[in-house]
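*Asks:* Structure file final-v4.cif (mmCIF, C-alpha atoms and all ligand atoms) right here:
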```cif
data_work
#
loop_
_atom_site.label_atom_id
_atom_site.label_comp_id
_atom_site.auth_asym_id
_atom_site.auth_seq_id
_atom_site.Cartn_x
_atom_site.Cartn_y
_atom_site.Cartn_z
CA MET A 1 12.25 -51.02 -11.34
CA LEU A 2 12.96 -48.23 -8.93
CA ASP A 3 10.59 -45.45 -9.86
CA SER A 4 12.47 -42.46 -11.07
CA TYR A 5 11.06 -40.03 -8.53
CA ALA A 6 12.15 -42.18 -5.58
CA TYR A 7 15.52 -42.69 -7.25
CA ARG A 8 16.02 -38.96 -7.68
CA CYS A 9 15.12 -38.32 -4.05
CA GLU A 10 17.52 -40.98 -2.81
CA PHE A 11 20.43 -39.89 -4.95
CA GLY A 12 19.80 -36.17 -4.60
CA GLN A 13 19.28 -35.68 -8.32
CA MET A 14 17.69 -32.60 -9.77
CA ASN A 15 14.04 -33.12 -10.63
CA GLY A 16 12.37 -32.21 -13.92
CA PRO A 17 11.12 -28.72 -12.98
CA GLN A 18 14.53 -27.74 -11.54
CA HIS A 19 16.20 -28.86 -14.77
CA ASP A 20 13.64 -26.93 -16.85
CA ILE A 21 14.11 -23.73 -14.84
CA LEU A 22 17.89 -23.99 -15.15
CA GLY A 23 17.75 -24.73 -18.90
CA PHE A 24 15.38 -21.83 -19.47
CA GLY A 25 17.32 -19.37 -17.30
CA VAL A 26 20.80 -20.13 -18.62
CA SER A 27 19.71 -20.02 -22.28
CA ALA A 28 17.65 -16.84 -21.89
CA VAL A 29 20.51 -15.07 -20.07
CA MET A 30 23.03 -16.15 -22.72
CA ASP A 31 20.71 -14.81 -25.44
CA LEU A 32 20.51 -11.47 -23.60
CA ASN A 33 24.31 -11.50 -23.42
CA ALA A 34 24.52 -12.02 -27.20
CA GLN A 35 21.95 -9.24 -27.74
CA HIS A 36 24.04 -6.89 -25.60
CA GLU A 37 27.29 -7.77 -27.40
CA THR A 38 25.78 -7.23 -30.83
CA TRP A 39 24.31 -3.93 -29.62
CA HIS A 40 27.85 -2.88 -28.61
CA LEU A 41 29.13 -3.76 -32.07
CA GLU A 42 26.35 -1.78 -33.69
CA GLN A 43 27.10 1.27 -31.54
CA ARG A 44 30.77 1.11 -32.55
CA ARG A 45 29.74 0.96 -36.20
CA ARG A 46 27.38 3.92 -35.69
CA ALA A 47 30.15 5.90 -33.99
CA MET A 48 32.45 5.33 -36.98
CA CYS A 49 29.68 6.49 -39.32
CA CYS A 50 29.04 9.56 -37.09
CA LEU A 51 25.52 8.33 -36.35
CA PRO A 52 23.89 9.00 -32.97
CA GLN A 53 24.13 6.23 -30.37
CA GLU A 54 21.08 4.14 -29.52
CA ARG A 55 19.95 2.85 -26.14
CA PHE A 56 20.09 -0.89 -25.48
CA LYS A 57 16.62 -2.38 -25.62
CA PRO A 58 16.67 -6.03 -24.61
CA ASP A 59 14.25 -8.22 -26.56
CA LEU A 60 12.83 -10.20 -23.65
CA LEU A 61 10.32 -12.10 -25.76
CA ALA A 62 13.07 -13.42 -28.03
CA ALA A 63 15.18 -14.32 -24.98
CA ALA A 64 12.21 -16.23 -23.53
CA LEU A 65 11.77 -18.11 -26.82
CA VAL A 66 15.47 -19.04 -26.77
CA GLY A 67 14.90 -20.11 -23.14
CA LEU A 68 12.18 -22.54 -24.27
CA PHE A 69 14.67 -24.13 -26.66
CA GLY A 70 17.03 -24.28 -23.68
CA ILE A 71 14.47 -26.45 -21.89
CA ALA A 72 14.41 -28.75 -24.92
CA GLY A 73 18.22 -28.92 -25.01
CA ASN A 74 18.25 -29.74 -21.32
CA ARG A 75 15.61 -32.46 -21.64
CA ILE A 76 17.33 -34.32 -24.49
CA HIS A 77 19.75 -36.03 -22.09
CA ASP A 78 17.22 -37.62 -19.74
CA ALA A 79 15.00 -38.48 -22.72
CA LEU A 80 17.89 -40.49 -24.20
CA GLU A 81 19.02 -41.91 -20.86
CA PRO A 82 16.09 -41.76 -18.40
CA ALA A 83 16.92 -41.62 -14.68
CA GLU A 84 15.44 -45.05 -13.97
CA HIS A 85 18.30 -46.71 -12.13
CA PRO A 86 21.43 -45.56 -10.28
CA ASN A 87 23.74 -46.17 -13.25
CA HIS A 88 21.65 -44.65 -15.99
CA ARG A 89 24.28 -42.13 -17.03
CA GLY A 90 26.03 -43.24 -20.20
CA PHE A 91 27.51 -41.47 -23.20
CA PHE A 92 24.79 -38.80 -23.34
CA HIS A 93 25.70 -37.85 -19.76
CA SER A 94 29.49 -38.11 -20.17
CA TRP A 95 32.32 -35.64 -19.63
CA LEU A 96 33.41 -36.50 -23.18
CA LEU A 97 30.16 -35.29 -24.76
CA PHE A 98 30.05 -32.34 -22.32
CA ALA A 99 33.49 -31.25 -23.59
CA VAL A 100 32.43 -31.50 -27.24
CA ILE A 101 29.06 -29.75 -26.81
CA GLY A 102 30.53 -27.18 -24.40
CA ARG A 103 33.29 -26.23 -26.84
CA GLU A 104 30.87 -26.02 -29.80
CA THR A 105 28.34 -24.00 -27.83
CA LEU A 106 30.99 -21.57 -26.61
CA SER A 107 32.40 -20.93 -30.09
CA HIS A 108 28.89 -20.64 -31.56
CA HIS A 109 28.04 -18.11 -28.84
CA GLN A 110 31.20 -16.13 -29.64
CA ARG A 111 30.28 -16.09 -33.34
CA LEU A 112 26.84 -14.75 -32.39
CA CYS A 113 28.38 -12.05 -30.18
CA THR A 114 30.80 -10.93 -32.89
CA GLY A 115 28.19 -10.92 -35.64
CA GLN A 116 29.89 -13.75 -37.58
CA THR A 117 26.59 -15.57 -37.40
CA SER A 118 23.11 -14.23 -36.76
CA GLY A 119 19.45 -14.96 -37.32
CA THR A 120 16.68 -16.80 -35.53
CA GLU A 121 17.97 -20.33 -36.18
CA ALA A 122 21.45 -19.47 -34.88
CA ARG A 123 19.98 -18.04 -31.68
CA LEU A 124 17.64 -20.97 -31.10
CA LEU A 125 20.55 -23.36 -31.67
CA ASN A 126 22.50 -21.37 -29.09
CA GLY A 127 19.60 -21.93 -26.67
CA ILE A 128 19.67 -25.69 -27.25
CA GLY A 129 23.44 -25.71 -26.70
CA TRP A 130 23.32 -23.81 -23.42
CA GLY A 131 20.35 -25.87 -22.23
CA SER A 132 22.35 -29.02 -22.89
CA CYS A 133 25.41 -27.61 -21.09
CA SER A 134 23.28 -26.70 -18.08
CA HIS A 135 22.11 -30.32 -17.88
CA PHE A 136 25.67 -31.67 -17.86
CA ALA A 137 26.78 -29.06 -15.33
CA SER A 138 23.95 -29.70 -12.89
CA ASP A 139 24.17 -33.51 -13.14
CA ALA A 140 27.94 -33.25 -12.58
CA THR A 141 27.34 -31.66 -9.18
CA THR A 142 25.32 -34.66 -7.93
CA ALA A 143 26.85 -37.50 -5.91
CA LYS A 144 26.99 -39.78 -8.98
CA SER A 145 28.61 -37.06 -11.12
CA LEU A 146 29.26 -37.99 -14.79
CA PRO A 147 31.10 -40.93 -16.37
CA ILE A 148 34.25 -40.06 -18.37
CA THR A 149 33.05 -41.54 -21.68
CA GLY A 150 29.93 -43.46 -20.64
CA LEU A 151 30.71 -45.94 -23.40
CA PHE A 152 31.15 -48.93 -21.12
CA PHE A 153 28.03 -48.61 -19.02
CA SER A 154 25.61 -51.50 -18.88
CA PRO A 155 21.90 -50.83 -18.67
CA PRO A 156 20.07 -52.90 -16.04
CA ARG A 157 18.80 -56.29 -17.09
CA ARG A 158 15.10 -56.24 -17.85
CA GLY A 159 12.82 -57.73 -15.27
CA ARG A 160 15.39 -57.53 -12.49
CA ARG A 161 13.88 -56.19 -9.31
CA VAL A 162 15.55 -53.20 -7.77
CA ARG A 163 14.93 -52.21 -4.17
CA ARG A 164 11.97 -49.86 -3.99
CA VAL A 165 12.46 -46.69 -2.03
CA ARG A 166 9.62 -44.97 -0.25
ZN ZN B 201 20.45 -36.23 -16.46
#
```
What does the file become when written as structure tokens?
*Replies:*
Amino acid sequence: MLDSYAYRCEFGQMNGPQHDILGFGVSAVMDLNAQHETWHLEQRRRAMCCLPQERFKPDLLAAALVGLFGIAGNRIHDALEPAEHPNHRGFFHSWLLFAVIGRETLSHHQRLCTGQTSGTEARLLNGIGWGSCSHFASDATTAKSLPITGLFFSPPRRGRRVRRVR
């Protein structure tokens, strides 16, 4: 079997650390965005109650924690469908699943920003969602891109030798 590192080099795939950095960054930034939006809401409420306005203090530690869950969300895909051969991308790397997860993540994020949902679990879930989306988005930019549904892909037959790449 083609070792996954050589495969990634040949097909210009993102490697693990690049995926982790992207998953962390996207999720942490989206958490900061939600923090900022909820701060805006709170300031509007305070204005209506004639209370003094507060300065925005980003909670970087919380954003970093959400970022760690983003790494997990990003890693799920290659854990389910490891990059071991050129056609490894199936359902868990498909445009279909990207559309479903992307839509859910976006609406969950909007609920967080508008205060319809809140709390630690909701924010960590948001991190997992954005981490997953970042995986789809970055894999989509590679030469192989993503399959439409990934439901008809056939994993390689066991024991079959694939050309080794140095
Ligand atoms: Zn992948």
*Asks:* Determine, counting only C-alpha atoms, which protein, DNA and RNA residues have an atom within 8 Å of an atom of segment 110-123 of chain A; residues of the same chain fewer than 3 positions away are not included. Present the result as a list of chain:residue names.
*Replies:*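 The residues satisfying every condition are A:Asp31, A:Asn33, A:Ala34, A:Gln35, A:Glu37, A:Thr38, A:Leu41, A:Val66, A:Leu106, A:Ser107, A:Asn126, A:Gly127.
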*Asks:* Show me which residues are within 6 Å of ligand ZN 201 (chain B) counting all atoms listed in the file, and format the list as a PyMOL selection string.
*Replies:* chain A and resi 77-78+139
*Asks:* Identify which of the residues A:Arg44, A:Trp130, A:Pro52, A:Thr105 lies closest to Gly67 of chain A, counting all atoms listed in the file when measuring atom-to-atom distances.
*Replies:* A:Trp130
*Asks:* Of the candidates A:Asn15, A:Thr149, A:Glu42, A:Gly23, which shows the shortest atom-to-atom distance to Ala137 of chain A, using all atoms listed in the file?
*Replies:*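 Result for the nearest residue to Ala137 of chain A: A:Gly23.
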*Asks:* Please identify all polymer residues within 9 Å of Ile71 of chain A, counting all atoms listed in the file, omitting same-chain residues fewer than 4 positions from it, and present them as a PDB file with C-alpha atoms, keeping the file's coordinate frame.
*Replies:*
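This is the output file out36.pdb:
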```pdb
ATOM      1  CA  HIS A  19      16.200 -28.860 -14.770  1.00  0.00           C
ATOM      2  CA  ASP A  20      13.640 -26.930 -16.850  1.00  0.00           C
ATOM      3  CA  ILE A  21      14.110 -23.730 -14.840  1.00  0.00           C
ATOM      4  CA  LEU A  22      17.890 -23.990 -15.150  1.00  0.00           C
ATOM      5  CA  GLY A  23      17.750 -24.730 -18.900  1.00  0.00           C
ATOM      6  CA  PHE A  24      15.380 -21.830 -19.470  1.00  0.00           C
ATOM      7  CA  GLY A  25      17.320 -19.370 -17.300  1.00  0.00           C
ATOM      8  CA  SER A  27      19.710 -20.020 -22.280  1.00  0.00           C
ATOM      9  CA  VAL A  66      15.470 -19.040 -26.770  1.00  0.00           C
ATOM     10  CA  GLY A  67      14.900 -20.110 -23.140  1.00  0.00           C
ATOM     11  CA  ARG A  75      15.610 -32.460 -21.640  1.00  0.00           C
ATOM     12  CA  ILE A  76      17.330 -34.320 -24.490  1.00  0.00           C
ATOM     13  CA  GLY A 127      19.600 -21.930 -26.670  1.00  0.00           C
ATOM     14  CA  ILE A 128      19.670 -25.690 -27.250  1.00  0.00           C
ATOM     15  CA  GLY A 131      20.350 -25.870 -22.230  1.00  0.00           C
ATOM     16  CA  SER A 132      22.350 -29.020 -22.890  1.00  0.00           C
TER      17      SER A 132
END
```
*Asks:* Pick out the closest residue to His135 of chain A from this set: A:Ile101, A:Leu32, A:Leu51, A:Leu151. Count only C-alpha atoms.
*Replies:*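 The answer is A:Ile101, which sits nearest to His135 of chain A.
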*Asks:* For Ser145 of chain A, list every protein, DNA or RNA residue within 12 Å, evaluated using all atoms listed in the file, and leave out those in the same chain fewer than 3 positions away; present the list as a list in words.
*Replies:*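 With the cut-off at 12 Å, the set is Phe11, Gly12, Gln13, Met14, Pro86, Asn87, His88, Arg89, Gly90, His93, Ser94, Trp95, His135, Phe136, Ala137, Ser138, Asp139, Ala140, Thr141, Thr142, Ile148 and Gly150 of chain A.
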*Asks:* Suppose you want the space between atom CA of Leu65 of chain A and atom CA of Ala99 of chain A; what is it in Å?
*Replies:* 25.6 Å
*Asks:* Which distance in Å separates atom CA of Gly73 of chain A and atom CA of Arg103 of chain A, to one decimal?
*Replies:* 15.4 Å
*Asks:* Quick one: pull the distance between atom CA of Leu124 of chain A and atom CA of Pro58 of chain A, Å, one decimal.
*Replies:*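 These atoms are spaced 16.3 Å apart.
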*Asks:* List the neighbours of Gln53 of chain A out to 12 Å using only C-alpha atoms; skip same-chain residues closer than 3 positions along the sequence, and give me the result as a list in words.
*Replies:*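 Near Gln53 of chain A, the qualifying residues are Trp39, His40, Leu41, Glu42, Gln43, Arg44, Arg45, Arg46, Ala47, Met48, Cys49, Cys50 and Phe56 of chain A.
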*Asks:* Determine the nearest neighbour of Leu68 of chain A from the options A:Leu80, A:Leu96, A:Cys133, A:Val26, counting only C-alpha atoms.
*Replies:*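 Smallest distance to Leu68 of chain A is found for A:Val26.
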*Asks:* With distances taken over all atoms listed in the file, which of A:Pro17, A:Glu54, A:Ser134, A:Val100 is nearest to Asn74 of chain A?
*Replies:* A:Ser134
*Asks:* Please rebuild segment 99-119 of chain A with N, CA and C atoms and give the result as a PDB file, keeping the file's coordinate frame.
*Replies:*
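Listed below is the output, selection35.pdb:
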```pdb
ATOM      1  N   ALA A  99      32.363 -32.027 -23.043  1.00  0.00           N
ATOM      2  CA  ALA A  99      33.490 -31.250 -23.590  1.00  0.00           C
ATOM      3  C   ALA A  99      33.222 -30.840 -25.031  1.00  0.00           C
ATOM      4  N   VAL A 100      32.694 -31.784 -25.822  1.00  0.00           N
ATOM      5  CA  VAL A 100      32.430 -31.500 -27.240  1.00  0.00           C
ATOM      6  C   VAL A 100      31.329 -30.446 -27.374  1.00  0.00           C
ATOM      7  N   ILE A 101      30.196 -30.684 -26.702  1.00  0.00           N
ATOM      8  CA  ILE A 101      29.060 -29.750 -26.810  1.00  0.00           C
ATOM      9  C   ILE A 101      29.415 -28.402 -26.198  1.00  0.00           C
ATOM     10  N   GLY A 102      30.147 -28.426 -25.057  1.00  0.00           N
ATOM     11  CA  GLY A 102      30.530 -27.180 -24.400  1.00  0.00           C
ATOM     12  C   GLY A 102      31.404 -26.320 -25.305  1.00  0.00           C
ATOM     13  N   ARG A 103      32.368 -26.959 -25.957  1.00  0.00           N
ATOM     14  CA  ARG A 103      33.290 -26.230 -26.840  1.00  0.00           C
ATOM     15  C   ARG A 103      32.526 -25.651 -28.040  1.00  0.00           C
ATOM     16  N   GLU A 104      31.651 -26.479 -28.638  1.00  0.00           N
ATOM     17  CA  GLU A 104      30.870 -26.020 -29.800  1.00  0.00           C
ATOM     18  C   GLU A 104      29.939 -24.875 -29.414  1.00  0.00           C
ATOM     19  N   THR A 105      29.294 -25.023 -28.263  1.00  0.00           N
ATOM     20  CA  THR A 105      28.340 -24.000 -27.830  1.00  0.00           C
ATOM     21  C   THR A 105      29.068 -22.680 -27.563  1.00  0.00           C
ATOM     22  N   LEU A 106      30.228 -22.768 -26.919  1.00  0.00           N
ATOM     23  CA  LEU A 106      30.990 -21.570 -26.610  1.00  0.00           C
ATOM     24  C   LEU A 106      31.432 -20.844 -27.891  1.00  0.00           C
ATOM     25  N   SER A 107      31.932 -21.600 -28.866  1.00  0.00           N
ATOM     26  CA  SER A 107      32.400 -20.930 -30.090  1.00  0.00           C
ATOM     27  C   SER A 107      31.213 -20.402 -30.900  1.00  0.00           C
ATOM     28  N   HIS A 108      30.083 -21.125 -30.862  1.00  0.00           N
ATOM     29  CA  HIS A 108      28.890 -20.640 -31.560  1.00  0.00           C
ATOM     30  C   HIS A 108      28.413 -19.337 -30.905  1.00  0.00           C
ATOM     31  N   HIS A 109      28.459 -19.311 -29.582  1.00  0.00           N
ATOM     32  CA  HIS A 109      28.040 -18.110 -28.840  1.00  0.00           C
ATOM     33  C   HIS A 109      28.948 -16.924 -29.193  1.00  0.00           C
ATOM     34  N   GLN A 110      30.257 -17.203 -29.291  1.00  0.00           N
ATOM     35  CA  GLN A 110      31.200 -16.130 -29.640  1.00  0.00           C
ATOM     36  C   GLN A 110      30.946 -15.609 -31.051  1.00  0.00           C
ATOM     37  N   ARG A 111      30.602 -16.522 -31.972  1.00  0.00           N
ATOM     38  CA  ARG A 111      30.280 -16.090 -33.340  1.00  0.00           C
ATOM     39  C   ARG A 111      29.031 -15.216 -33.344  1.00  0.00           C
ATOM     40  N   LEU A 112      28.062 -15.564 -32.488  1.00  0.00           N
ATOM     41  CA  LEU A 112      26.840 -14.750 -32.390  1.00  0.00           C
ATOM     42  C   LEU A 112      27.173 -13.352 -31.856  1.00  0.00           C
ATOM     43  N   CYS A 113      28.039 -13.319 -30.828  1.00  0.00           N
ATOM     44  CA  CYS A 113      28.380 -12.050 -30.180  1.00  0.00           C
ATOM     45  C   CYS A 113      29.178 -11.136 -31.104  1.00  0.00           C
ATOM     46  N   THR A 114      29.959 -11.733 -32.022  1.00  0.00           N
ATOM     47  CA  THR A 114      30.800 -10.930 -32.890  1.00  0.00           C
ATOM     48  C   THR A 114      30.151 -10.700 -34.261  1.00  0.00           C
ATOM     49  N   GLY A 115      28.912 -11.159 -34.402  1.00  0.00           N
ATOM     50  CA  GLY A 115      28.190 -10.920 -35.640  1.00  0.00           C
ATOM     51  C   GLY A 115      28.629 -11.813 -36.800  1.00  0.00           C
ATOM     52  N   GLN A 116      29.472 -12.835 -36.510  1.00  0.00           N
ATOM     53  CA  GLN A 116      29.890 -13.750 -37.580  1.00  0.00           C
ATOM     54  C   GLN A 116      28.746 -14.650 -37.984  1.00  0.00           C
ATOM     55  N   THR A 117      27.816 -14.841 -37.062  1.00  0.00           N
ATOM     56  CA  THR A 117      26.590 -15.570 -37.400  1.00  0.00           C
ATOM     57  C   THR A 117      25.447 -14.815 -36.735  1.00  0.00           C
ATOM     58  N   SER A 118      24.270 -14.925 -37.325  1.00  0.00           N
ATOM     59  CA  SER A 118      23.110 -14.230 -36.760  1.00  0.00           C
ATOM     60  C   SER A 118      21.845 -14.897 -37.271  1.00  0.00           C
ATOM     61  N   GLY A 119      20.721 -14.412 -36.849  1.00  0.00           N
ATOM     62  CA  GLY A 119      19.450 -14.960 -37.320  1.00  0.00           C
ATOM     63  C   GLY A 119      18.783 -15.824 -36.271  1.00  0.00           C
TER      64      GLY A 119
END
```
